[in-house]
Amino acid sequence: MFRVFLQTLLVCYWLCAVSVCHAEDDQTVNREYQLKTAYLFHFAELAEWPEATHVVICLQGNHPIRSYLPVLNGQHINNKAVLVKFDIPIAIAECQILFFSDLDALSNTVLEQAQKFHVLLVSDVENFAQTGGMIQFTLRDNKLKLVVNLSAVKLAGLKLSSKLLRMAEILE
Amino acid sequence: MFSSPKRYAAIFILLLRTLSPPALANEHTFNDIESTNDLLPLSWEELTELDVSSLSRQTQSVKDSPAAAFVITSEDIRRSGVTSLPELLRMVPGMNVAKINAWNWAVSARGFNDLYANKLQVMIDGRSIYDPLVSGVYWGQQNPALPDIERIEVLRGPSGSLWGANAVNGTINIITRSAKDTQGGLLYGGGGSEEQGFGGIRYGGKLSDSTFLRGTANGIYRDASIDWSGNLDTHDYGNAQNGNFRLDSQLSQHDQFMLEGNVSRYRLQGYFIGVTSPTPPLWRQDDFGRDGFTGSLQGNWKHHTDSGHHSDLTLSFTQTDWLLAVSEMNRSHFVVDFQHSLPDYHEHQLMWGLNYQLITDKFDNSLTLGFEPDQFTQHNIGLFLQDQIALGDDLILTLGNRVEHFTYTGWETEPNARLMWTPNKQHSLWAAVSRAVVLPNRAQHSIRVFKPLLPDSNTFFEATANRQMLTENLLAFESGWRWQVNRNLDIDTALFYNIYDRMQGTKFVGGRADPVFGNILEATVGNYRQVKSYGLETSLSYRVSQDWRLQASYSANQFQVNYDTDAAWFRDPKTEPHSNPGHTLSLRSLVNLTNEIELDLWGRYVDKIIVDTNRKIPAYFTMDVRLGWHPHKDLELSLSGQNLLDNHHPEFSDILYIPVASQIQRAYLAQVSWRF
């Protein structure tokens, strides 16, 4: 009897609540830049520089990732220390990874310097890999994917782990 | 039923909102930095599986629900090196997994392990795969392509108000990858000393910008096991083949559609043996072997409105046919499931659902095995309702109930109350009181088994059904504590105290002399016993570095049984407290030696058990080792050694299987997987 009472009570309770329910938007969680930051952290491990003992990540331009990158400063991955530098002008010879905000900044001079100083060029702007950049983030089916320009990577004397290439789209 | 994460997620949506407001890309907050920090310990593989954005209610995993939960990820599956579903469950605390022979398993949560374990609800994408004939899962008949599985969510303890009858000691949700996530081709296969050969091919394509389709075909061939003497094989050879497709479509911004179909056929040896005949010889040995076919089709439609209403409609149809030497079954199973969650109203989050199932079957009876009536139809209907109430910023109360009507037992109710307290990001504590029921199954209500007591005995026994069989009832008290010690270490502990009433038992009720068969003992099933159990489960996950992860699971439990000591029991209830291992331990180490080479170790300890008075299974400790190599970005090779620490050991014995009881042998396995 008590059970039936309890059930009736629950049903009534629910009906009351439904009849006066009001709307509220669902909230969307977006962690695009958090993910990109974590990817950059792993690039420090998955890329191989000819003679780097630590990995300096530099940023060109004003990009929302600027707020997230400082988390990486001083972290270690696979015994490599990661440092983040926002110096202007950018001392490209001191960077191991250079993240671009604008495609226009990817000039021939920059490409030559990147080859000379073995700098991994990364961005999330469209056509970055086709234009001579090395790793480009794209968004596909709500997941981060990488487009890799393998010849540009090789020209800079860098090697990318097959672990990274496993999930990348490769431009030969 | 399809969207299991949603159900769990809904349980905690309020909590999520109070704890971690969604990140806005253009204004960074302390919380953003925190969440970036949380991503750093993840391995590269884990990181690349993450979605960029999602509705907050869908991002909440089962791990955040106020229940004892464990998730097996696709990475766990790949690196386990195993080839069947039950083997994967060995890594889950609180699960009892024992191999009987090549195709038969005893799998349960929190005890009562048996070939016909009846307290576990198991679903693939929301479609139940437990067999209404015995309320258990015939694991040998479930051989999905493991690379298609995205994750397996395991909930221990009752969740009857969400998942209905039989979700009593646990619920397992096997969630396959969406067609969108499986574009392109995959070819995999392998072979070894026990798994003689297995393999599969998958291809996924894009039908339009919002519609994706994939198809998978896979097969498996298994060698026989070895008998208790360690000399003879037990003829449990077999093979199974599957075909599967899945279509996923984003119909509009508010509508999602999924259609999945599966066909499988199998030929499995090593079953319950013998055929009884009214003319001499009265009984002859016959390896039953089971030839079967299963086909299923399920559709799911999800709709949400801007105002926060979420509806979810699932229709599924399963056809199951099998043939034994002594019986044949054809069964159709049709399910409609609808659920609706409402926008938050003040502190309340409401959700309700309706479920209807129709099961109709037909048997071809023999003297050895029969079901009466030989044709039967069940209509079962259920209504559930749940409210989550935010009592404070860090305290959530969930009240739920399900009322169901069953053809066999009439009205049943499965209420539960759960409370979760999250004082800070490091700790969350929960407690729950629930009632759940195990529905009497088709076998208990209609079976007739007639066979010699033992293979060469001249006393026969006849086990008959009990039309008065009622539900087994559980009242469960649980509590748990999740402790995120730091970003590399978390510990999850659960305690339970279960009181079961009207538990099934089979006892001898009399005997008669027959002119042909001589003495016949009569046994029948009934709600004869009361059992209390209590236990502890704990799991620990430690990321030593991005390249090294340790995972440990431990469980312990105790049982007390109340029964009529004067009765003659078919299965001795006295052994019940010992038929489940007192202690179980699983320890895994997953190491990336280099970016291309993985070394994975898995050690398991299982305490001794006594299945029947004269069947003692000693405790065992065994180990699997897997070496994986990625010579090319699309190619994976691996070598595994399984059960390496002894030549063979028994894990279980079922009274009906004594003549074919098997031991589990050391095995070697080579696998290859190529994406194209």
# chains A, B, ... in the order shown; residues from 1 in each chain; ligands from 1
call {"tool": "select_by_dssp", "arguments": {"residues": "chain A", "states": "alpha helix (DSSP H)", "output": "VMD selection string"}}
result
chain A and resid 2 to 19 32 to 46 108 to 117 150 to 155 162 to 165
call {"tool": "write_last_selection", "arguments": {"atoms": "C-alpha atoms", "output": "mmCIF file, in the first residue's frame"}}
result
data_model
loop_
_atom_site.group_PDB
_atom_site.id
_atom_site.type_symbol
_atom_site.label_atom_id
_atom_site.label_comp_id
_atom_site.auth_asym_id
_atom_site.auth_seq_id
_atom_site.Cartn_x
_atom_site.Cartn_y
_atom_site.Cartn_z
ATOM 1 C CA PHE A 2 2.798 2.349 0.968
ATOM 2 C CA ARG A 3 4.502 1.492 -2.309
ATOM 3 C CA VAL A 4 1.457 2.445 -4.376
ATOM 4 C CA PHE A 5 1.146 5.650 -2.406
ATOM 5 C CA LEU A 6 4.760 6.504 -3.034
ATOM 6 C CA GLN A 7 4.424 5.865 -6.751
ATOM 7 C CA THR A 8 1.310 7.985 -6.995
ATOM 8 C CA LEU A 9 3.098 10.721 -5.146
ATOM 9 C CA LEU A 10 6.031 10.569 -7.532
ATOM 10 C CA VAL A 11 3.797 10.712 -10.596
ATOM 11 C CA CYS A 12 1.884 13.709 -9.203
ATOM 12 C CA TYR A 13 5.092 15.417 -8.293
ATOM 13 C CA TRP A 14 6.402 14.936 -11.771
ATOM 14 C CA LEU A 15 3.216 16.118 -13.483
ATOM 15 C CA CYS A 16 3.251 19.270 -11.389
ATOM 16 C CA ALA A 17 6.820 19.963 -12.341
ATOM 17 C CA VAL A 18 6.174 19.315 -16.036
ATOM 18 C CA SER A 19 3.190 21.616 -16.177
ATOM 19 C CA GLU A 32 39.309 23.513 -29.015
ATOM 20 C CA TYR A 33 42.224 25.595 -27.728
ATOM 21 C CA GLN A 34 42.818 23.424 -24.703
ATOM 22 C CA LEU A 35 43.153 20.465 -27.084
ATOM 23 C CA LYS A 36 45.438 22.341 -29.465
ATOM 24 C CA THR A 37 47.642 23.295 -26.530
ATOM 25 C CA ALA A 38 47.844 19.668 -25.420
ATOM 26 C CA TYR A 39 48.668 18.630 -29.004
ATOM 27 C CA LEU A 40 51.532 21.136 -29.130
ATOM 28 C CA PHE A 41 52.805 19.641 -25.882
ATOM 29 C CA HIS A 42 52.877 16.211 -27.509
ATOM 30 C CA PHE A 43 54.576 17.570 -30.648
ATOM 31 C CA ALA A 44 57.543 18.280 -28.404
ATOM 32 C CA GLU A 45 57.783 14.551 -27.917
ATOM 33 C CA LEU A 46 56.635 13.310 -31.327
ATOM 34 C CA ASN A 108 59.608 32.903 -48.066
ATOM 35 C CA THR A 109 62.112 34.420 -45.655
ATOM 36 C CA VAL A 110 60.386 32.716 -42.743
ATOM 37 C CA LEU A 111 60.310 29.397 -44.619
ATOM 38 C CA GLU A 112 64.037 29.638 -45.363
ATOM 39 C CA GLN A 113 64.830 30.480 -41.769
ATOM 40 C CA ALA A 114 62.650 27.605 -40.552
ATOM 41 C CA GLN A 115 64.649 25.211 -42.742
ATOM 42 C CA LYS A 116 67.926 26.636 -41.551
ATOM 43 C CA PHE A 117 67.083 26.588 -37.839
ATOM 44 C CA LEU A 150 55.917 15.923 -45.080
ATOM 45 C CA SER A 151 58.344 17.409 -47.631
ATOM 46 C CA ALA A 152 58.462 20.713 -45.730
ATOM 47 C CA VAL A 153 59.139 18.764 -42.532
ATOM 48 C CA LYS A 154 61.997 16.868 -44.184
ATOM 49 C CA LEU A 155 63.484 20.017 -45.737
ATOM 50 C CA SER A 162 54.819 7.485 -37.088
ATOM 51 C CA LYS A 163 52.602 7.684 -34.013
ATOM 52 C CA LEU A 164 51.732 11.223 -35.043
ATOM 53 C CA LEU A 165 51.511 10.368 -38.725
#
call {"tool": "residues_around", "arguments": {"residues": "range 469-484 of chain B", "least_positions_apart": "3", "cutoff": "6 Å", "atoms": "only C-alpha atoms", "output": "PDB file with N, CA and C atoms, in the first residue's frame"}}
result
ATOM      1  N   GLN B 426      38.662  17.092  -5.905  1.00  0.00           N
ATOM      2  CA  GLN B 426      39.418  15.881  -5.598  1.00  0.00           C
ATOM      3  C   GLN B 426      38.535  14.735  -5.125  1.00  0.00           C
ATOM      4  N   HIS B 427      37.465  15.070  -4.436  1.00  0.00           N
ATOM      5  CA  HIS B 427      36.689  14.014  -3.786  1.00  0.00           C
ATOM      6  C   HIS B 427      35.241  14.040  -4.209  1.00  0.00           C
ATOM      7  N   SER B 428      34.690  12.853  -4.435  1.00  0.00           N
ATOM      8  CA  SER B 428      33.236  12.777  -4.469  1.00  0.00           C
ATOM      9  C   SER B 428      32.805  11.501  -3.763  1.00  0.00           C
ATOM     10  N   LEU B 429      31.735  11.646  -2.998  1.00  0.00           N
ATOM     11  CA  LEU B 429      31.221  10.516  -2.226  1.00  0.00           C
ATOM     12  C   LEU B 429      29.765  10.307  -2.601  1.00  0.00           C
ATOM     13  N   TRP B 430      29.375   9.046  -2.709  1.00  0.00           N
ATOM     14  CA  TRP B 430      27.981   8.778  -3.045  1.00  0.00           C
ATOM     15  C   TRP B 430      27.455   7.622  -2.222  1.00  0.00           C
ATOM     16  N   ALA B 431      26.139   7.561  -2.083  1.00  0.00           N
ATOM     17  CA  ALA B 431      25.494   6.468  -1.378  1.00  0.00           C
ATOM     18  C   ALA B 431      24.160   6.207  -2.063  1.00  0.00           C
ATOM     19  N   ALA B 432      23.711   4.963  -2.029  1.00  0.00           N
ATOM     20  CA  ALA B 432      22.470   4.628  -2.726  1.00  0.00           C
ATOM     21  C   ALA B 432      21.736   3.496  -2.031  1.00  0.00           C
ATOM     22  N   VAL B 433      20.426   3.542  -2.112  1.00  0.00           N
ATOM     23  CA  VAL B 433      19.575   2.431  -1.681  1.00  0.00           C
ATOM     24  C   VAL B 433      18.689   2.100  -2.875  1.00  0.00           C
ATOM     25  N   SER B 434      18.658   0.834  -3.257  1.00  0.00           N
ATOM     26  CA  SER B 434      17.871   0.470  -4.435  1.00  0.00           C
ATOM     27  C   SER B 434      17.179  -0.859  -4.234  1.00  0.00           C
ATOM     28  N   ARG B 435      16.076  -1.017  -4.980  1.00  0.00           N
ATOM     29  CA  ARG B 435      15.432  -2.309  -5.042  1.00  0.00           C
ATOM     30  C   ARG B 435      15.481  -2.725  -6.507  1.00  0.00           C
ATOM     31  N   ALA B 436      15.745  -4.003  -6.734  1.00  0.00           N
ATOM     32  CA  ALA B 436      15.757  -4.491  -8.116  1.00  0.00           C
ATOM     33  C   ALA B 436      15.207  -5.905  -8.124  1.00  0.00           C
ATOM     34  N   VAL B 437      14.725  -6.347  -9.274  1.00  0.00           N
ATOM     35  CA  VAL B 437      14.156  -7.691  -9.367  1.00  0.00           C
ATOM     36  C   VAL B 437      14.764  -8.457 -10.532  1.00  0.00           C
ATOM     37  N   VAL B 438      14.871  -9.779 -10.328  1.00  0.00           N
ATOM     38  CA  VAL B 438      15.244 -10.671 -11.425  1.00  0.00           C
ATOM     39  C   VAL B 438      13.956 -11.362 -11.849  1.00  0.00           C
ATOM     40  N   LEU B 439      13.621 -11.205 -13.095  1.00  0.00           N
ATOM     41  CA  LEU B 439      12.390 -11.781 -13.611  1.00  0.00           C
ATOM     42  C   LEU B 439      12.579 -13.286 -13.797  1.00  0.00           C
ATOM     43  N   PRO B 440      11.571 -14.097 -13.387  1.00  0.00           N
ATOM     44  CA  PRO B 440      11.710 -15.520 -13.697  1.00  0.00           C
ATOM     45  C   PRO B 440      11.743 -15.672 -15.216  1.00  0.00           C
ATOM     46  N   ASN B 466       8.542 -24.419 -12.722  1.00  0.00           N
ATOM     47  CA  ASN B 466       7.632 -24.023 -11.659  1.00  0.00           C
ATOM     48  C   ASN B 466       6.862 -22.805 -12.143  1.00  0.00           C
ATOM     49  N   ASP B 490      44.147   8.361  -9.705  1.00  0.00           N
ATOM     50  CA  ASP B 490      42.831   8.369  -9.095  1.00  0.00           C
ATOM     51  C   ASP B 490      42.446   6.998  -8.560  1.00  0.00           C
ATOM     52  N   ILE B 491      41.648   7.037  -7.506  1.00  0.00           N
ATOM     53  CA  ILE B 491      41.267   5.826  -6.812  1.00  0.00           C
ATOM     54  C   ILE B 491      39.753   5.841  -6.658  1.00  0.00           C
ATOM     55  N   ASP B 492      39.128   4.734  -7.011  1.00  0.00           N
ATOM     56  CA  ASP B 492      37.676   4.652  -6.985  1.00  0.00           C
ATOM     57  C   ASP B 492      37.296   3.422  -6.158  1.00  0.00           C
ATOM     58  N   THR B 493      36.535   3.642  -5.095  1.00  0.00           N
ATOM     59  CA  THR B 493      36.202   2.538  -4.193  1.00  0.00           C
ATOM     60  C   THR B 493      34.692   2.452  -4.004  1.00  0.00           C
ATOM     61  N   ALA B 494      34.169   1.247  -3.956  1.00  0.00           N
ATOM     62  CA  ALA B 494      32.743   1.069  -3.695  1.00  0.00           C
ATOM     63  C   ALA B 494      32.547  -0.038  -2.674  1.00  0.00           C
ATOM     64  N   LEU B 495      31.518   0.131  -1.839  1.00  0.00           N
ATOM     65  CA  LEU B 495      31.143  -0.882  -0.848  1.00  0.00           C
ATOM     66  C   LEU B 495      29.695  -1.260  -1.099  1.00  0.00           C
ATOM     67  N   PHE B 496      29.350  -2.512  -0.875  1.00  0.00           N
ATOM     68  CA  PHE B 496      27.938  -2.862  -1.023  1.00  0.00           C
ATOM     69  C   PHE B 496      27.509  -3.853   0.042  1.00  0.00           C
ATOM     70  N   TYR B 497      26.218  -3.792   0.360  1.00  0.00           N
ATOM     71  CA  TYR B 497      25.596  -4.781   1.226  1.00  0.00           C
ATOM     72  C   TYR B 497      24.269  -5.124   0.572  1.00  0.00           C
ATOM     73  N   ASN B 498      24.122  -6.372   0.146  1.00  0.00           N
ATOM     74  CA  ASN B 498      22.947  -6.782  -0.620  1.00  0.00           C
ATOM     75  C   ASN B 498      22.130  -7.806   0.143  1.00  0.00           C
ATOM     76  N   ILE B 499      20.816  -7.608   0.140  1.00  0.00           N
ATOM     77  CA  ILE B 499      19.922  -8.594   0.760  1.00  0.00           C
ATOM     78  C   ILE B 499      19.008  -9.132  -0.340  1.00  0.00           C
ATOM     79  N   TYR B 500      19.171 -10.420  -0.632  1.00  0.00           N
ATOM     80  CA  TYR B 500      18.366 -11.036  -1.682  1.00  0.00           C
ATOM     81  C   TYR B 500      17.297 -11.914  -1.032  1.00  0.00           C
ATOM     82  N   ASP B 501      16.119 -11.835  -1.588  1.00  0.00           N
ATOM     83  CA  ASP B 501      15.031 -12.661  -1.095  1.00  0.00           C
ATOM     84  C   ASP B 501      14.495 -13.480  -2.261  1.00  0.00           C
ATOM     85  N   ARG B 502      13.896 -14.644  -1.966  1.00  0.00           N
ATOM     86  CA  ARG B 502      13.275 -15.497  -2.974  1.00  0.00           C
ATOM     87  C   ARG B 502      14.259 -15.878  -4.081  1.00  0.00           C
ATOM     88  N   MET B 503      15.491 -16.205  -3.689  1.00  0.00           N
ATOM     89  CA  MET B 503      16.479 -16.601  -4.688  1.00  0.00           C
ATOM     90  C   MET B 503      16.139 -17.979  -5.220  1.00  0.00           C
ATOM     91  N   GLY B 526      12.572 -23.312  -7.598  1.00  0.00           N
ATOM     92  CA  GLY B 526      11.654 -22.479  -6.817  1.00  0.00           C
ATOM     93  C   GLY B 526      12.386 -21.334  -6.157  1.00  0.00           C
TER      94      GLY B 526
END
call {"tool": "closest_atom_pairs", "arguments": {"of": "range 621-667 of chain B", "to": "range 82-99 of chain B", "cutoff": "8 Å", "atoms": "only C-alpha atoms", "output": "tab-separated table"}}
result
residue	atom	partner	partner_atom	distance
B:Glu651	CA	B:Ala98	CA	5.2
B:Phe652	CA	B:Ala98	CA	5.7
B:Ile664	CA	B:Lys99	CA	7.3
call {"tool": "select_by_dssp", "arguments": {"residues": "range 398-554 of chain B", "states": "strand (DSSP E)", "output": "number ranges by chain"}}
result
B: 398-406, 410-413, 416-421, 427-438, 447-452, 460-464, 472-486, 489-514, 518-545, 548-554
call {"tool": "write_last_selection", "arguments": {"atoms": "C-alpha atoms", "output": "CSV table (one decimal), in the first residue's frame"}}
result
chain,number,residue,atom,x,y,z
B,398,THR,CA,18.5,11.4,-7.5
B,399,LEU,CA,15.1,9.7,-7.0
B,400,GLY,CA,13.9,7.2,-9.5
B,401,ASN,CA,11.4,4.5,-10.0
B,402,ARG,CA,10.3,2.1,-12.6
B,403,VAL,CA,7.0,0.3,-12.6
B,404,GLU,CA,6.8,-2.7,-14.9
B,405,HIS,CA,4.2,-5.2,-15.8
B,406,PHE,CA,5.3,-8.7,-16.8
B,410,GLY,CA,2.4,-9.0,-13.0
B,411,TRP,CA,3.4,-5.6,-11.5
B,412,GLU,CA,6.9,-5.0,-10.2
B,413,THR,CA,8.5,-1.8,-8.9
B,416,ASN,CA,16.1,3.9,-6.0
B,417,ALA,CA,17.5,6.9,-4.2
B,418,ARG,CA,21.1,8.2,-4.7
B,419,LEU,CA,22.9,10.9,-3.1
B,420,MET,CA,26.2,12.4,-4.3
B,421,TRP,CA,28.4,14.9,-2.4
B,427,HIS,CA,36.7,14.0,-3.8
B,428,SER,CA,33.2,12.8,-4.5
B,429,LEU,CA,31.2,10.5,-2.2
B,430,TRP,CA,28.0,8.8,-3.0
B,431,ALA,CA,25.5,6.5,-1.4
B,432,ALA,CA,22.5,4.6,-2.7
B,433,VAL,CA,19.6,2.4,-1.7
B,434,SER,CA,17.9,0.5,-4.4
B,435,ARG,CA,15.4,-2.3,-5.0
B,436,ALA,CA,15.8,-4.5,-8.1
B,437,VAL,CA,14.2,-7.7,-9.4
B,438,VAL,CA,15.2,-10.7,-11.4
B,447,ILE,CA,11.5,-26.3,-18.8
B,448,ARG,CA,11.6,-30.1,-18.6
B,449,VAL,CA,15.0,-31.8,-18.5
B,450,PHE,CA,15.2,-35.6,-18.4
B,451,LYS,CA,18.6,-37.3,-18.3
B,452,PRO,CA,20.8,-39.6,-16.2
B,460,PHE,CA,17.6,-40.6,-14.1
B,461,PHE,CA,16.5,-37.3,-13.0
B,462,GLU,CA,13.7,-35.1,-14.2
B,463,ALA,CA,13.9,-31.4,-13.6
B,464,THR,CA,10.7,-29.5,-14.1
B,472,GLU,CA,14.1,-12.7,-7.1
B,473,ASN,CA,14.2,-9.5,-5.1
B,474,LEU,CA,17.2,-7.4,-4.1
B,475,LEU,CA,17.5,-4.6,-1.6
B,476,ALA,CA,20.9,-3.1,-2.0
B,477,PHE,CA,22.9,-0.6,0.0
B,478,GLU,CA,25.9,0.9,-1.7
B,479,SER,CA,28.4,3.7,-1.1
B,480,GLY,CA,31.4,4.9,-2.9
B,481,TRP,CA,34.3,7.3,-2.9
B,482,ARG,CA,36.2,8.7,-5.8
B,483,TRP,CA,39.5,10.3,-5.0
B,484,GLN,CA,41.5,12.2,-7.6
B,485,VAL,CA,44.7,12.3,-5.7
B,486,ASN,CA,46.4,14.4,-8.3
B,489,LEU,CA,46.4,9.2,-9.9
B,490,ASP,CA,42.8,8.4,-9.1
B,491,ILE,CA,41.3,5.8,-6.8
B,492,ASP,CA,37.7,4.7,-7.0
B,493,THR,CA,36.2,2.5,-4.2
B,494,ALA,CA,32.7,1.1,-3.7
B,495,LEU,CA,31.1,-0.9,-0.8
B,496,PHE,CA,27.9,-2.9,-1.0
B,497,TYR,CA,25.6,-4.8,1.2
B,498,ASN,CA,22.9,-6.8,-0.6
B,499,ILE,CA,19.9,-8.6,0.8
B,500,TYR,CA,18.4,-11.0,-1.7
B,501,ASP,CA,15.0,-12.7,-1.1
B,502,ARG,CA,13.3,-15.5,-3.0
B,503,MET,CA,16.5,-16.6,-4.7
B,504,GLN,CA,16.2,-19.5,-7.1
B,505,GLY,CA,17.2,-22.9,-6.1
B,506,THR,CA,16.6,-26.4,-7.4
B,507,LYS,CA,15.8,-29.3,-5.0
B,508,PHE,CA,14.7,-32.9,-5.2
B,509,VAL,CA,11.1,-33.1,-4.4
B,510,GLY,CA,10.5,-36.8,-4.8
B,511,GLY,CA,11.1,-39.9,-6.8
B,512,ARG,CA,9.2,-42.6,-8.7
B,513,ALA,CA,9.9,-46.0,-10.2
B,514,ASP,CA,9.4,-46.2,-14.0
B,518,GLY,CA,14.0,-47.4,-13.4
B,519,ASN,CA,14.4,-44.9,-10.6
B,520,ILE,CA,13.6,-41.3,-11.5
B,521,LEU,CA,14.4,-38.5,-9.2
B,522,GLU,CA,12.2,-35.4,-9.5
B,523,ALA,CA,13.6,-32.0,-9.0
B,524,THR,CA,12.1,-28.6,-9.3
B,525,VAL,CA,13.1,-25.0,-9.3
B,526,GLY,CA,11.7,-22.5,-6.8
B,527,ASN,CA,12.2,-19.3,-4.8
B,528,TYR,CA,13.8,-21.2,-2.0
B,529,ARG,CA,16.7,-19.2,-0.6
B,530,GLN,CA,17.7,-16.0,1.1
B,531,VAL,CA,21.2,-14.6,0.6
B,532,LYS,CA,23.1,-11.7,2.0
B,533,SER,CA,26.3,-10.5,0.5
B,534,TYR,CA,28.7,-7.7,1.2
B,535,GLY,CA,31.9,-6.6,-0.5
B,536,LEU,CA,34.4,-4.0,-1.5
B,537,GLU,CA,35.7,-3.1,-5.0
B,538,THR,CA,38.5,-0.7,-5.7
B,539,SER,CA,40.3,0.4,-8.8
B,540,LEU,CA,43.3,2.6,-9.2
B,541,SER,CA,44.7,4.3,-12.2
B,542,TYR,CA,48.1,5.8,-12.2
B,543,ARG,CA,49.8,7.6,-15.1
B,544,VAL,CA,53.5,7.3,-14.3
B,545,SER,CA,54.2,9.3,-17.5
B,548,TRP,CA,53.3,4.5,-19.0
B,549,ARG,CA,50.0,3.8,-17.3
B,550,LEU,CA,49.2,1.4,-14.5
B,551,GLN,CA,45.8,0.2,-13.7
B,552,ALA,CA,44.8,-2.1,-10.8
B,553,SER,CA,41.4,-3.5,-9.8
B,554,TYR,CA,40.7,-5.4,-6.6
call {"tool": "atom_distance", "arguments": {"atom1": "CA of Ala117 in chain B", "atom2": "CA of Thr171 in chain B"}}
result
12.9 Å
call {"tool": "atom_distance", "arguments": {"atom1": "CA of Asp646 in chain B", "atom2": "CA of Leu601 in chain B"}}
result
15.9 Å
call {"tool": "residues_around", "arguments": {"residues": "Arg78 in chain B", "least_positions_apart": "2", "cutoff": "10 Å", "atoms": "only C-alpha atoms", "output": "PyMOL selection string"}}
result
chain B and resi 73-76+80-83+146-147+149+628
call {"tool": "write_last_selection", "arguments": {"atoms": "C-alpha atoms", "output": "compact mmCIF listing (two decimals), in the first residue's frame"}}
result
# COMPACT_ATOMS: atom_id res chain seq x y z
CA THR B 73 38.16 2.26 -23.62
CA SER B 74 39.01 1.28 -27.20
CA GLU B 75 42.66 1.71 -26.21
CA ASP B 76 42.19 -0.75 -23.33
CA SER B 80 44.61 -6.16 -23.98
CA GLY B 81 45.35 -8.37 -26.97
CA VAL B 82 42.22 -10.43 -26.24
CA THR B 83 39.69 -11.58 -28.78
CA LEU B 146 36.26 -5.69 -31.24
CA PRO B 147 37.78 -2.80 -33.30
CA ILE B 149 33.74 -0.98 -30.09
CA GLY B 628 52.81 -4.27 -30.23
call {"tool": "residues_around", "arguments": {"residues": "Thr565 in chain B", "least_positions_apart": "3", "cutoff": "12 Å", "atoms": "only C-alpha atoms", "output": "PyMOL selection string"}}
result
chain B and resi 507+528-529+561-562+568-569+572-574
